[in-house]
>>> print(open('input_24.tsv').read())   # TSV, C-alpha atoms
chain	number	residue	atom	x	y	z
M	1483	MET	CA	1.56	-22.28	6.65
M	1484	THR	CA	-1.40	-24.53	5.86
M	1485	ASP	CA	-0.85	-27.97	4.36
M	1486	THR	CA	-3.04	-27.27	1.31
M	1487	ILE	CA	-4.63	-24.36	-0.49
M	1488	ARG	CA	-7.66	-24.30	-2.77
M	1489	ILE	CA	-7.31	-23.46	-6.45
M	1490	CYS	CA	-9.78	-22.86	-9.28
M	1491	ARG	CA	-8.44	-24.92	-12.18
M	1492	LEU	CA	-9.80	-25.47	-15.67
M	1493	HIS	CA	-9.06	-28.91	-17.13
M	1494	ALA	CA	-10.90	-28.52	-20.43
M	1495	ARG	CA	-13.81	-26.65	-21.92
M	1496	GLY	CA	-16.59	-26.55	-19.30
M	1497	ASP	CA	-14.53	-28.60	-16.83
M	1498	LEU	CA	-13.88	-26.15	-13.98
M	1499	ARG	CA	-12.85	-27.65	-10.65
M	1500	VAL	CA	-12.03	-26.37	-7.18
M	1501	GLU	CA	-9.06	-28.49	-6.11
M	1502	THR	CA	-6.26	-28.39	-3.59
M	1503	MET	CA	-2.49	-28.22	-3.86
M	1504	ALA	CA	0.47	-27.66	-1.58
M	1505	PRO	CA	1.37	-24.01	-0.98
M	1506	GLU	CA	4.73	-22.60	-2.02
M	1507	ALA	CA	7.15	-20.72	0.19
M	1508	PRO	CA	8.55	-17.39	-1.03
M	1509	GLY	CA	12.13	-17.38	-2.25
M	1510	PRO	CA	14.54	-14.45	-2.63
M	1511	GLY	CA	12.72	-11.35	-3.86
M	1512	GLU	CA	9.32	-13.04	-3.55
M	1513	VAL	CA	6.28	-12.64	-1.33
M	1514	ALA	CA	3.38	-14.90	-0.45
M	1515	VAL	CA	-0.03	-13.25	-0.74
M	1516	ALA	CA	-3.31	-14.52	0.68
M	1517	ILE	CA	-5.77	-13.73	-2.10
M	1518	GLY	CA	-8.94	-12.00	-0.95
M	1519	ALA	CA	-10.77	-11.30	-4.21
M	1520	GLY	CA	-10.32	-12.13	-7.88
M	1521	GLY	CA	-12.26	-10.73	-10.82
M	1522	ILE	CA	-13.60	-12.98	-13.58
M	1523	CYS	CA	-12.46	-11.50	-16.90
M	1524	GLY	CA	-13.81	-12.08	-20.39
M	1525	SER	CA	-10.74	-14.19	-21.17
M	1526	ASP	CA	-11.53	-16.47	-18.20
M	1527	LEU	CA	-15.05	-16.88	-19.58
M	1528	HIS	CA	-13.73	-17.72	-23.06
M	1529	TYR	CA	-11.40	-20.37	-21.65
M	1530	TYR	CA	-14.24	-21.87	-19.60
M	1531	GLN	CA	-17.02	-21.70	-22.20
M	1532	GLU	CA	-15.04	-22.28	-25.41
M	1533	GLY	CA	-11.79	-23.90	-24.34
M	1534	GLY	CA	-9.73	-21.00	-25.64
M	1535	ILE	CA	-9.59	-17.61	-27.32
M	1536	GLY	CA	-9.23	-17.75	-31.10
M	1537	THR	CA	-6.15	-19.84	-31.87
M	1538	ILE	CA	-5.07	-19.91	-28.19
M	1539	ARG	CA	-6.35	-23.18	-26.74
M	1540	VAL	CA	-6.25	-24.69	-23.26
M	1541	GLN	CA	-3.94	-27.69	-23.70
M	1542	GLU	CA	-3.27	-28.57	-20.08
M	1543	PRO	CA	-4.92	-27.81	-16.71
M	1544	ILE	CA	-4.64	-24.13	-15.91
M	1545	ILE	CA	-5.40	-22.10	-12.80
M	1546	LEU	CA	-7.45	-19.20	-14.11
M	1547	GLY	CA	-7.48	-15.58	-13.01
M	1548	HIS	CA	-5.35	-12.49	-13.57
M	1549	GLU	CA	-7.31	-9.82	-11.64
M	1550	ALA	CA	-6.60	-10.29	-7.96
M	1551	ALA	CA	-5.63	-8.65	-4.70
M	1552	GLY	CA	-4.89	-9.81	-1.19
M	1553	HIS	CA	-2.71	-9.39	1.86
M	1554	VAL	CA	0.99	-10.14	2.21
M	1555	VAL	CA	1.54	-13.06	4.60
M	1556	ALA	CA	5.26	-13.79	4.19
M	1557	SER	CA	8.36	-12.47	2.45
M	1558	GLY	CA	11.49	-14.10	1.13
M	1559	PRO	CA	15.03	-12.79	1.59
M	1560	GLY	CA	15.80	-9.38	0.12
M	1561	VAL	CA	12.25	-8.03	0.06
M	1562	GLU	CA	11.88	-4.44	1.18
M	1563	GLY	CA	8.88	-2.12	1.33
M	1564	LEU	CA	6.28	-4.83	1.91
M	1565	ALA	CA	5.18	-6.22	5.27
M	1566	PRO	CA	2.71	-8.85	6.46
M	1567	GLY	CA	-0.79	-7.42	6.41
M	1568	ASP	CA	-0.19	-5.03	3.51
M	1569	LEU	CA	-3.05	-4.95	1.00
M	1570	VAL	CA	-1.61	-5.38	-2.48
M	1571	ALA	CA	-2.90	-5.61	-6.04
M	1572	LEU	CA	-1.03	-8.19	-8.14
M	1573	ASN	CA	0.23	-7.20	-11.57
M	1574	PRO	CA	-0.15	-10.31	-13.78
M	1575	SER	CA	2.11	-8.92	-16.51
M	1576	HIS	CA	5.73	-10.15	-16.71
M	1577	PRO	CA	7.55	-8.56	-19.69
M	1578	CYS	CA	11.08	-9.81	-20.30
M	1579	ASP	CA	12.74	-6.35	-20.37
M	1580	ARG	CA	15.21	-7.72	-22.94
M	1581	CYS	CA	13.46	-7.89	-26.31
M	1582	ALA	CA	13.42	-5.06	-28.86
M	1583	PHE	CA	9.95	-3.91	-27.83
M	1584	CYS	CA	10.81	-3.79	-24.13
M	1585	ARG	CA	14.01	-1.87	-24.88
M	1586	ALA	CA	11.95	0.59	-26.93
M	1587	GLY	CA	9.63	1.24	-23.98
M	1588	LEU	CA	6.78	-0.88	-25.40
M	1589	ARG	CA	6.71	-3.42	-22.60
M	1590	ASN	CA	3.05	-4.31	-23.18
M	1591	GLN	CA	4.15	-5.58	-26.62
M	1592	CYS	CA	6.89	-7.82	-25.18
M	1593	ARG	CA	7.76	-10.74	-27.46
M	1594	ASN	CA	8.28	-13.02	-24.46
M	1595	MET	CA	5.44	-11.83	-22.25
M	1596	VAL	CA	4.36	-14.11	-19.42
M	1597	PHE	CA	0.85	-13.12	-18.38
M	1598	LEU	CA	-0.56	-14.99	-15.40
M	1599	GLY	CA	-3.65	-17.07	-16.14
M	1600	SER	CA	-2.87	-17.22	-19.88
M	1601	ALA	CA	-2.85	-20.31	-22.10
M	1602	MET	CA	-0.85	-18.59	-24.84
M	1603	TYR	CA	2.25	-20.71	-24.27
M	1604	LEU	CA	3.10	-24.21	-23.05
M	1605	PRO	CA	3.45	-24.67	-20.21
M	1606	HIS	CA	0.56	-22.34	-19.46
M	1607	ALA	CA	1.13	-19.41	-17.09
M	1608	GLN	CA	-0.81	-20.43	-14.00
M	1609	GLY	CA	-3.15	-17.78	-12.63
M	1610	LEU	CA	-4.28	-16.18	-9.41
M	1611	PHE	CA	-7.56	-17.90	-8.49
M	1612	ARG	CA	-6.15	-19.61	-5.39
M	1613	ASP	CA	-6.09	-19.05	-1.65
M	1614	ARG	CA	-2.42	-18.16	-1.63
M	1615	VAL	CA	0.16	-17.35	-4.31
M	1616	VAL	CA	3.88	-16.64	-4.42
M	1617	VAL	CA	4.91	-13.84	-6.79
M	1618	LYS	CA	7.79	-11.45	-7.30
M	1619	ALA	CA	7.69	-8.57	-4.86
M	1620	SER	CA	7.91	-6.23	-7.85
M	1621	GLN	CA	4.48	-7.48	-9.00
M	1622	CYS	CA	2.86	-6.37	-5.73
M	1623	HIS	CA	1.51	-2.82	-5.56
M	1624	ARG	CA	0.56	-1.69	-2.10
M	1625	LEU	CA	-2.74	0.17	-1.87
M	1626	PRO	CA	-2.67	3.65	-0.37
M	1627	GLY	CA	-5.65	4.62	1.77
M	1628	ALA	CA	-8.30	2.54	3.48
M	1629	VAL	CA	-9.93	0.63	0.63
M	1630	GLY	CA	-11.24	-2.92	0.45
M	1631	VAL	CA	-9.76	-5.95	-1.22
M	1632	ALA	CA	-12.55	-6.02	-3.83
M	1633	GLU	CA	-11.60	-2.51	-4.92
M	1634	ALA	CA	-7.93	-3.47	-5.08
M	1635	ALA	CA	-8.79	-6.43	-7.32
M	1636	CYS	CA	-10.08	-3.97	-9.95
M	1637	ALA	CA	-6.60	-2.56	-10.58
M	1638	GLU	CA	-5.89	-4.73	-13.64
M	1639	PRO	CA	-9.02	-3.85	-15.67
M	1640	LEU	CA	-8.71	-0.20	-14.63
M	1641	ALA	CA	-5.11	-0.24	-15.89
M	1642	VAL	CA	-6.39	-1.45	-19.27
M	1643	CYS	CA	-8.67	1.58	-19.41
M	1644	LEU	CA	-5.99	4.03	-18.29
M	1645	HIS	CA	-3.81	2.73	-21.12
M	1646	ALA	CA	-6.72	3.27	-23.52
M	1647	ALA	CA	-7.04	6.84	-22.23
M	1648	ARG	CA	-3.34	7.38	-22.94
M	1649	GLN	CA	-3.92	6.17	-26.49
M	1650	ALA	CA	-6.78	8.66	-26.80
M	1651	GLY	CA	-4.75	11.77	-26.05
M	1652	GLY	CA	-6.49	14.56	-24.16
M	1653	ILE	CA	-9.99	13.89	-22.80
M	1654	GLU	CA	-10.78	17.06	-20.86
M	1655	GLY	CA	-13.65	18.99	-22.41
M	1656	ARG	CA	-14.32	16.38	-25.10
M	1657	ARG	CA	-17.54	14.57	-25.96
M	1658	VAL	CA	-16.97	10.87	-25.37
M	1659	LEU	CA	-18.92	7.80	-26.47
M	1660	VAL	CA	-18.36	4.43	-24.77
M	1661	THR	CA	-19.83	1.48	-26.66
M	1662	GLY	CA	-20.39	-1.56	-24.46
M	1663	ALA	CA	-20.96	-1.11	-20.72
M	1664	GLY	CA	-19.33	-4.29	-19.45
M	1665	PRO	CA	-16.45	-4.06	-16.97
M	1666	ILE	CA	-14.06	-2.34	-19.40
M	1667	GLY	CA	-16.78	0.02	-20.59
M	1668	ALA	CA	-17.67	0.89	-17.00
M	1669	PHE	CA	-14.06	1.65	-16.11
M	1670	CYS	CA	-13.50	3.61	-19.34
M	1671	THR	CA	-16.53	5.69	-18.35
M	1672	ALA	CA	-15.01	6.36	-14.94
M	1673	VAL	CA	-11.65	7.26	-16.47
M	1674	ALA	CA	-13.29	9.68	-18.90
M	1675	ALA	CA	-15.26	11.29	-16.07
M	1676	ALA	CA	-12.14	11.66	-13.91
M	1677	ALA	CA	-10.30	13.20	-16.87
M	1678	GLY	CA	-12.93	15.92	-17.29
M	1679	ALA	CA	-14.91	14.84	-20.35
M	1680	SER	CA	-17.70	17.34	-21.02
M	1681	GLU	CA	-20.20	14.64	-22.02
M	1682	ILE	CA	-20.10	10.84	-21.75
M	1683	VAL	CA	-22.59	8.77	-23.73
M	1684	VAL	CA	-22.65	5.03	-22.97
M	1685	THR	CA	-24.46	2.34	-24.96
M	1686	ASP	CA	-25.27	-1.28	-24.23
M	1687	LEU	CA	-27.90	-3.94	-24.89
M	1688	HIS	CA	-28.92	-4.28	-21.22
M	1689	ASP	CA	-30.24	-1.92	-18.58
M	1690	LEU	CA	-28.22	-3.11	-15.57
M	1691	PRO	CA	-24.77	-2.26	-16.97
M	1692	LEU	CA	-26.15	1.08	-18.10
M	1693	SER	CA	-27.31	1.81	-14.56
M	1694	VAL	CA	-23.77	1.06	-13.39
M	1695	ALA	CA	-22.37	3.34	-16.10
M	1696	ARG	CA	-24.46	6.20	-14.72
M	1697	GLN	CA	-22.90	5.62	-11.31
M	1698	MET	CA	-19.46	5.66	-12.94
M	1699	GLY	CA	-20.01	9.08	-14.53
M	1700	ALA	CA	-22.07	8.65	-17.72
M	1701	THR	CA	-24.16	11.72	-18.59
M	1702	HIS	CA	-26.34	9.81	-21.08
M	1703	THR	CA	-27.06	6.07	-21.37
M	1704	ILE	CA	-28.80	4.35	-24.27
M	1705	ASN	CA	-30.11	0.82	-24.52
M	1706	VAL	CA	-29.59	0.31	-28.25
M	1707	ALA	CA	-31.70	-2.86	-28.20
M	1708	SER	CA	-34.84	-1.10	-26.98
M	1709	ASP	CA	-33.99	2.32	-28.48
M	1710	PRO	CA	-32.18	1.71	-31.80
M	1711	ALA	CA	-32.50	5.39	-32.77
M	1712	GLY	CA	-31.09	6.60	-29.46
M	1713	LEU	CA	-27.80	7.77	-30.97
M	1714	ASP	CA	-29.34	9.70	-33.86
M	1715	SER	CA	-28.81	13.14	-32.33
M	1716	TRP	CA	-25.07	12.43	-31.99
M	1717	LYS	CA	-24.89	11.44	-35.67
M	1718	ALA	CA	-26.27	14.80	-36.87
M	1719	GLU	CA	-24.15	17.06	-39.09
M	1720	ARG	CA	-21.56	14.33	-39.78
M	1721	GLY	CA	-21.13	13.51	-36.10
M	1722	GLN	CA	-20.99	15.18	-32.69
M	1723	ILE	CA	-18.62	12.89	-30.77
M	1724	ASP	CA	-14.91	13.70	-30.37
M	1725	LEU	CA	-13.69	10.40	-28.96
M	1726	VAL	CA	-14.96	6.81	-28.78
M	1727	PHE	CA	-13.86	4.02	-26.47
M	1728	GLU	CA	-15.15	0.96	-28.35
M	1729	CYS	CA	-15.42	-1.82	-25.77
M	1730	SER	CA	-17.79	-4.31	-27.41
M	1731	ALA	CA	-15.81	-5.52	-30.46
M	1732	ALA	CA	-19.20	-5.84	-32.20
M	1733	ALA	CA	-19.46	-4.72	-35.83
M	1734	PRO	CA	-22.82	-2.90	-35.37
M	1735	ALA	CA	-21.40	-0.94	-32.42
M	1736	ILE	CA	-18.30	0.04	-34.41
M	1737	GLU	CA	-20.47	1.20	-37.29
M	1738	GLU	CA	-22.62	3.32	-34.97
M	1739	ALA	CA	-19.56	4.73	-33.26
M	1740	VAL	CA	-17.99	5.86	-36.54
M	1741	ALA	CA	-21.29	7.45	-37.56
M	1742	CYS	CA	-21.30	9.45	-34.32
M	1743	LEU	CA	-17.71	10.65	-34.63
M	1744	ARG	CA	-17.09	14.09	-36.09
M	1745	PRO	CA	-14.51	14.44	-38.87
M	1746	HIS	CA	-11.01	14.04	-37.41
M	1747	GLY	CA	-12.45	12.29	-34.36
M	1748	ARG	CA	-10.68	9.34	-32.75
M	1749	LEU	CA	-11.86	5.80	-32.07
M	1750	VAL	CA	-9.87	3.79	-29.52
M	1751	GLN	CA	-10.56	0.09	-30.01
M	1752	VAL	CA	-10.38	-1.55	-26.58
M	1753	GLY	CA	-12.57	-4.61	-27.15
M	1754	SER	CA	-11.03	-7.40	-29.22
M	1755	ALA	CA	-12.41	-10.23	-31.32
M	1756	GLY	CA	-11.69	-12.14	-34.50
M	1757	PRO	CA	-12.14	-10.67	-37.99
M	1758	THR	CA	-14.70	-7.85	-37.69
M	1759	ALA	CA	-16.32	-5.67	-40.33
M	1760	VAL	CA	-15.61	-1.95	-40.06
M	1761	PRO	CA	-17.06	0.94	-42.14
M	1762	LEU	CA	-13.88	1.87	-43.97
M	1763	ASN	CA	-15.61	4.35	-46.27
M	1764	GLN	CA	-16.69	6.49	-43.30
M	1765	ILE	CA	-13.36	6.11	-41.53
M	1766	VAL	CA	-11.57	7.32	-44.66
M	1767	GLY	CA	-14.13	9.97	-45.59
M	1768	LYS	CA	-14.18	11.59	-42.15
M	1769	GLU	CA	-10.45	11.01	-41.61
M	1770	ILE	CA	-11.11	9.13	-38.39
M	1771	ALA	CA	-8.10	8.06	-36.34
M	1772	PHE	CA	-8.62	4.36	-35.56
M	1773	GLN	CA	-6.36	3.45	-32.63
M	1774	GLY	CA	-5.87	0.05	-31.02
M	1775	SER	CA	-5.21	-0.34	-27.30
M	1776	PHE	CA	-3.66	-3.45	-25.74
M	1777	ARG	CA	-3.23	-4.24	-22.05
M	1778	PHE	CA	-1.08	-1.79	-20.03
M	1779	ASP	CA	2.34	-1.16	-18.54
M	1780	GLU	CA	3.05	1.60	-16.02
M	1781	GLU	CA	-0.69	2.24	-15.90
M	1782	PHE	CA	-1.02	-0.59	-13.37
M	1783	GLY	CA	0.64	1.53	-10.71
M	1784	GLU	CA	-1.50	4.49	-11.75
M	1785	ALA	CA	-4.62	2.35	-11.36
M	1786	VAL	CA	-3.57	1.32	-7.85
M	1787	GLU	CA	-3.09	4.97	-6.90
M	1788	ALA	CA	-6.45	5.97	-8.38
M	1789	ILE	CA	-8.25	3.19	-6.51
M	1790	GLY	CA	-6.40	3.69	-3.25
M	1791	THR	CA	-7.23	7.40	-3.14
M	1792	ARG	CA	-10.71	6.80	-4.60
M	1793	ARG	CA	-9.91	9.36	-7.28
M	1794	ILE	CA	-11.72	6.71	-9.32
M	1795	ASP	CA	-14.38	4.84	-7.36
M	1796	VAL	CA	-14.60	1.33	-8.81
M	1797	ARG	CA	-17.13	-0.02	-6.31
M	1798	PRO	CA	-20.30	0.40	-8.42
M	1799	ALA	CA	-18.88	-1.92	-11.09
M	1800	VAL	CA	-18.59	-4.90	-8.74
M	1801	THR	CA	-22.09	-6.33	-8.98
M	1802	GLY	CA	-21.52	-9.73	-7.41
M	1803	ALA	CA	-19.13	-11.84	-5.35
M	1804	TRP	CA	-19.20	-15.59	-4.88
M	1805	PRO	CA	-17.14	-17.82	-2.58
M	1806	LEU	CA	-14.48	-19.86	-4.35
M	1807	ASP	CA	-16.32	-23.10	-3.66
M	1808	GLU	CA	-19.18	-21.78	-5.81
M	1809	ALA	CA	-16.96	-20.87	-8.76
M	1810	ARG	CA	-19.33	-22.35	-11.35
M	1811	HIS	CA	-22.16	-20.12	-10.11
M	1812	ALA	CA	-19.81	-17.12	-10.25
M	1813	PHE	CA	-18.86	-17.88	-13.85
M	1814	ALA	CA	-22.53	-18.27	-14.80
M	1815	ALA	CA	-23.31	-14.89	-13.24
M	1816	ALA	CA	-20.35	-13.25	-14.98
M	1817	ALA	CA	-21.55	-14.57	-18.34
M	1818	ASP	CA	-25.03	-13.08	-17.88
M	1819	ARG	CA	-24.69	-9.45	-18.95
M	1820	SER	CA	-28.30	-8.74	-17.99
M	1821	ARG	CA	-27.47	-9.14	-14.29
M	1822	SER	CA	-23.72	-8.58	-13.92
M	1823	VAL	CA	-20.87	-6.23	-14.71
M	1824	LYS	CA	-17.80	-7.29	-12.73
M	1825	VAL	CA	-18.13	-10.53	-10.76
M	1826	HIS	CA	-15.57	-11.54	-8.14
M	1827	LEU	CA	-14.56	-14.78	-6.53
M	1828	ARG	CA	-14.08	-14.43	-2.77
M	1829	PHE	CA	-11.29	-16.35	-1.10
M	1830	ASP	CA	-12.66	-16.59	2.41
M	1831	ALA	CA	-11.04	-19.19	4.64
M	1832	PRO	CA	-12.80	-22.53	4.03
>>> encode(input="input_24.tsv", output="structure tokens")
Amino acid sequence: MTDTIRICRLHARGDLRVETMAPEAPGPGEVAVAIGAGGICGSDLHYYQEGGIGTIRVQEPIILGHEAAGHVVASGPGVEGLAPGDLVALNPSHPCDRCAFCRAGLRNQCRNMVFLGSAMYLPHAQGLFRDRVVVKASQCHRLPGAVGVAEAACAEPLAVCLHAARQAGGIEGRRVLVTGAGPIGAFCTAVAAAAGASEIVVTDLHDLPLSVARQMGATHTINVASDPAGLDSWKAERGQIDLVFECSAAAPAIEEAVACLRPHGRLVQVGSAGPTAVPLNQIVGKEIAFQGSFRFDEEFGEAVEAIGTRRIDVRPAVTGAWPLDEARHAFAAAADRSRSVKVHLRFDAP
């Protein structure tokens, strides 16, 4: 074991530092994982750029990151089924399994959820942007097949999209609209394609994420900034779209999505934001089902299987990777939607 490991820790808004700390040793039921890749999520960007998300504020130094994968390097007593060298994706979600929601099978709604890399509670739940981390063995999902660590690190956002697909009901044969082609939009596109959607229309304000969406299975892509009338044909006759995955959380996109939905269509709201205007008159008039979607539960394991077998190929969505020591450059790239979709930190040996 090395004497120190590197960590990517946020001290306050805009104050992101690569520091060192002593590594931990795994205890009973735990494993130590050498992180190979970690994805920068929108929540990481909000913490870095704004010091928080809504009412959730960074109040103490926090190691960021909840999308990560790496290789097992050591196990504590009682661990079975994992061996040194295994490539694993790390599930950052720790429901309590005791509260009323957990007992009802709604573990993603856990009242006492500990989610790695989150500033929701004090002390903050420290995250995964570090050379090495000790976690419960149950949080480690071994990858089937011969895939890379960058692919494995996409399991968490893909799980979000698989949960959204479960909220949507059947997808096969349906016309699907995905609004917002960032990482979640890209993976929702791939999920819809794998599920047999007959048509997948994807919108965004930038060309690069739309080019990625085409690689992920989109049949039509529209830059609504340069082509504001691009969705008009799907609005005809009170709407042509059966199902929307709304991934932008932007009021204009929601309004366009509802206009495209046929009567009795369904909108799954995946993107989140503060108070946002929605066209209630159209939602009511067309009897649209407006469905929220939050995080995931058993879908994490499903995402690992889909990635490991390449039933869903996540590779086109990873548009950049930066070494940990250049974390600030990585965060700047991740914030620039004109040149990035999913950006990873690489945890190469220093």
>>> closest_atom_pairs(input="input_24.tsv", of="stretch 1682-1717 of chain M", to="stretch 1801-1823 of chain M", cutoff="8 Å", atoms="all atoms listed in the file", output="JSON lines")
{"residue": "M:His1688", "atom": "CA", "partner": "M:Ser1820", "partner_atom": "CA", "distance": 5.5}
{"residue": "M:Asp1689", "atom": "CA", "partner": "M:Ser1820", "partner_atom": "CA", "distance": 7.1}
{"residue": "M:Leu1690", "atom": "CA", "partner": "M:Ser1820", "partner_atom": "CA", "distance": 6.1}
{"residue": "M:Pro1691", "atom": "CA", "partner": "M:Val1823", "partner_atom": "CA", "distance": 6.0}
{"residue": "M:Val1694", "atom": "CA", "partner": "M:Val1823", "partner_atom": "CA", "distance": 8.0}
>>> residues_around(input="input_24.tsv", residues="M:Ala1504", least_positions_apart="3", cutoff="10 Å", atoms="only C-alpha atoms", output="ChimeraX atom specification")
/M:1483-1488,1507,1614
>>> residues_around(input="input_24.tsv", residues="M:Leu1659", least_positions_apart="3", cutoff="12 Å", atoms="all atoms listed in the file", output="PyMOL selection string")
chain M and resi 1653+1656+1662-1663+1667-1668+1670-1671+1674-1675+1679-1686+1695+1700-1704+1713+1716-1717+1721-1729+1735-1736+1738-1744+1747-1751
>>> write_last_selection(input="input_24.tsv", atoms="C-alpha atoms", output="compact mmCIF listing (two decimals), in the frame of the given file")
# COMPACT_ATOMS: atom_id res chain seq x y z
CA ILE M 1653 -9.99 13.89 -22.80
CA ARG M 1656 -14.32 16.38 -25.10
CA GLY M 1662 -20.39 -1.56 -24.46
CA ALA M 1663 -20.96 -1.11 -20.72
CA GLY M 1667 -16.78 0.02 -20.59
CA ALA M 1668 -17.67 0.89 -17.00
CA CYS M 1670 -13.50 3.61 -19.34
CA THR M 1671 -16.53 5.69 -18.35
CA ALA M 1674 -13.29 9.68 -18.90
CA ALA M 1675 -15.26 11.29 -16.07
CA ALA M 1679 -14.91 14.84 -20.35
CA SER M 1680 -17.70 17.34 -21.02
CA GLU M 1681 -20.20 14.64 -22.02
CA ILE M 1682 -20.10 10.84 -21.75
CA VAL M 1683 -22.59 8.77 -23.73
CA VAL M 1684 -22.65 5.03 -22.97
CA THR M 1685 -24.46 2.34 -24.96
CA ASP M 1686 -25.27 -1.28 -24.23
CA ALA M 1695 -22.37 3.34 -16.10
CA ALA M 1700 -22.07 8.65 -17.72
CA THR M 1701 -24.16 11.72 -18.59
CA HIS M 1702 -26.34 9.81 -21.08
CA THR M 1703 -27.06 6.07 -21.37
CA ILE M 1704 -28.80 4.35 -24.27
CA LEU M 1713 -27.80 7.77 -30.97
CA TRP M 1716 -25.07 12.43 -31.99
CA LYS M 1717 -24.89 11.44 -35.67
CA GLY M 1721 -21.13 13.51 -36.10
CA GLN M 1722 -20.99 15.18 -32.69
CA ILE M 1723 -18.62 12.89 -30.77
CA ASP M 1724 -14.91 13.70 -30.37
CA LEU M 1725 -13.69 10.40 -28.96
CA VAL M 1726 -14.96 6.81 -28.78
CA PHE M 1727 -13.86 4.02 -26.47
CA GLU M 1728 -15.15 0.96 -28.35
CA CYS M 1729 -15.42 -1.82 -25.77
CA ALA M 1735 -21.40 -0.94 -32.42
CA ILE M 1736 -18.30 0.04 -34.41
CA GLU M 1738 -22.62 3.32 -34.97
CA ALA M 1739 -19.56 4.73 -33.26
CA VAL M 1740 -17.99 5.86 -36.54
CA ALA M 1741 -21.29 7.45 -37.56
CA CYS M 1742 -21.30 9.45 -34.32
CA LEU M 1743 -17.71 10.65 -34.63
CA ARG M 1744 -17.09 14.09 -36.09
CA GLY M 1747 -12.45 12.29 -34.36
CA ARG M 1748 -10.68 9.34 -32.75
CA LEU M 1749 -11.86 5.80 -32.07
CA VAL M 1750 -9.87 3.79 -29.52
CA GLN M 1751 -10.56 0.09 -30.01
>>> closest_residue(input="input_24.tsv", among="M:Ala1637, M:Met1595, M:Cys1578, M:Ala1718", to="M:Phe1669", atoms="only C-alpha atoms")
M:Ala1637
>>> residues_around(input="input_24.tsv", residues="M:Ala1733", least_positions_apart="5", cutoff="8 Å", atoms="only C-alpha atoms", output="list in words")
Thr1758, Ala1759 and Val1760 of chain M
>>> closest_atom_pairs(input="input_24.tsv", of="stretch 1568-1657 of chain M", to="stretch 1782-1795 of chain M", cutoff="10 Å", atoms="only C-alpha atoms", output="tab-separated table")
residue	atom	partner	partner_atom	distance
M:Val1570	CA	M:Val1786	CA	8.8
M:Ala1571	CA	M:Val1786	CA	7.2
M:Leu1572	CA	M:Phe1782	CA	9.2
M:Asn1573	CA	M:Phe1782	CA	7.0
M:Pro1574	CA	M:Phe1782	CA	9.8
M:Ser1575	CA	M:Phe1782	CA	9.4
M:Gln1621	CA	M:Phe1782	CA	9.8
M:Cys1622	CA	M:Gly1783	CA	9.6
M:His1623	CA	M:Gly1783	CA	6.8
M:Arg1624	CA	M:Val1786	CA	7.7
M:Leu1625	CA	M:Gly1790	CA	5.3
M:Pro1626	CA	M:Gly1790	CA	4.7
M:Gly1627	CA	M:Gly1790	CA	5.2
M:Ala1628	CA	M:Gly1790	CA	7.1
M:Val1629	CA	M:Gly1790	CA	6.1
M:Gly1630	CA	M:Gly1790	CA	9.0
M:Glu1633	CA	M:Ile1789	CA	6.8
M:Ala1634	CA	M:Ile1789	CA	6.8
M:Ala1635	CA	M:Val1786	CA	9.4
M:Cys1636	CA	M:Ile1789	CA	8.2
M:Ala1637	CA	M:Ala1785	CA	5.4
M:Glu1638	CA	M:Phe1782	CA	6.4
M:Pro1639	CA	M:Ala1785	CA	8.7
M:Leu1640	CA	M:Ala1785	CA	5.8
M:Ala1641	CA	M:Phe1782	CA	4.8
M:Val1642	CA	M:Phe1782	CA	8.0
M:Cys1643	CA	M:Ala1785	CA	9.0
M:Leu1644	CA	M:Ala1785	CA	7.3
M:His1645	CA	M:Phe1782	CA	8.9
>>> atom_distance(input="input_24.tsv", atom1="atom CA of M:Met1698", atom2="atom CA of M:Ser1525")
23.2 Å
>>> axis_aligned_box(input="input_24.tsv", around="stretch 1629-1640 of chain M", padding_each_side="3 Å", output="AutoDock Vina command-line options")
--center_x -9.2 --center_y -2.9 --center_z -7.5 --size_x 12.7 --size_y 13.1 --size_z 22.3
>>> atom_distance(input="input_24.tsv", atom1="atom CA of M:Leu1610", atom2="atom CA of M:Pro1665")
18.8 Å
>>> atom_distance(input="input_24.tsv", atom1="atom CA of M:Glu1512", atom2="atom CA of M:Ser1620")
8.2 Å
>>> closest_residue(input="input_24.tsv", among="M:Pro1510, M:Leu1827, M:Ile1765, M:Ala1516", to="M:Pro1559", atoms="only C-alpha atoms")
M:Pro1510
>>> residues_around(input="input_24.tsv", residues="stretch 1538-1554 of chain M", least_positions_apart="2", cutoff="8 Å", atoms="all atoms listed in the file", output="MDAnalysis selection string")
chainID M and resid 1489:1495 1513:1523 1526 1529 1533:1536 1556:1557 1564:1574 1597:1602 1604:1612 1631:1632 1634:1639
>>> closest_residue(input="input_24.tsv", among="M:Val1555, M:Leu1588, M:Ile1770, M:Val1752", to="M:Gly1664", atoms="all atoms listed in the file")
M:Val1752
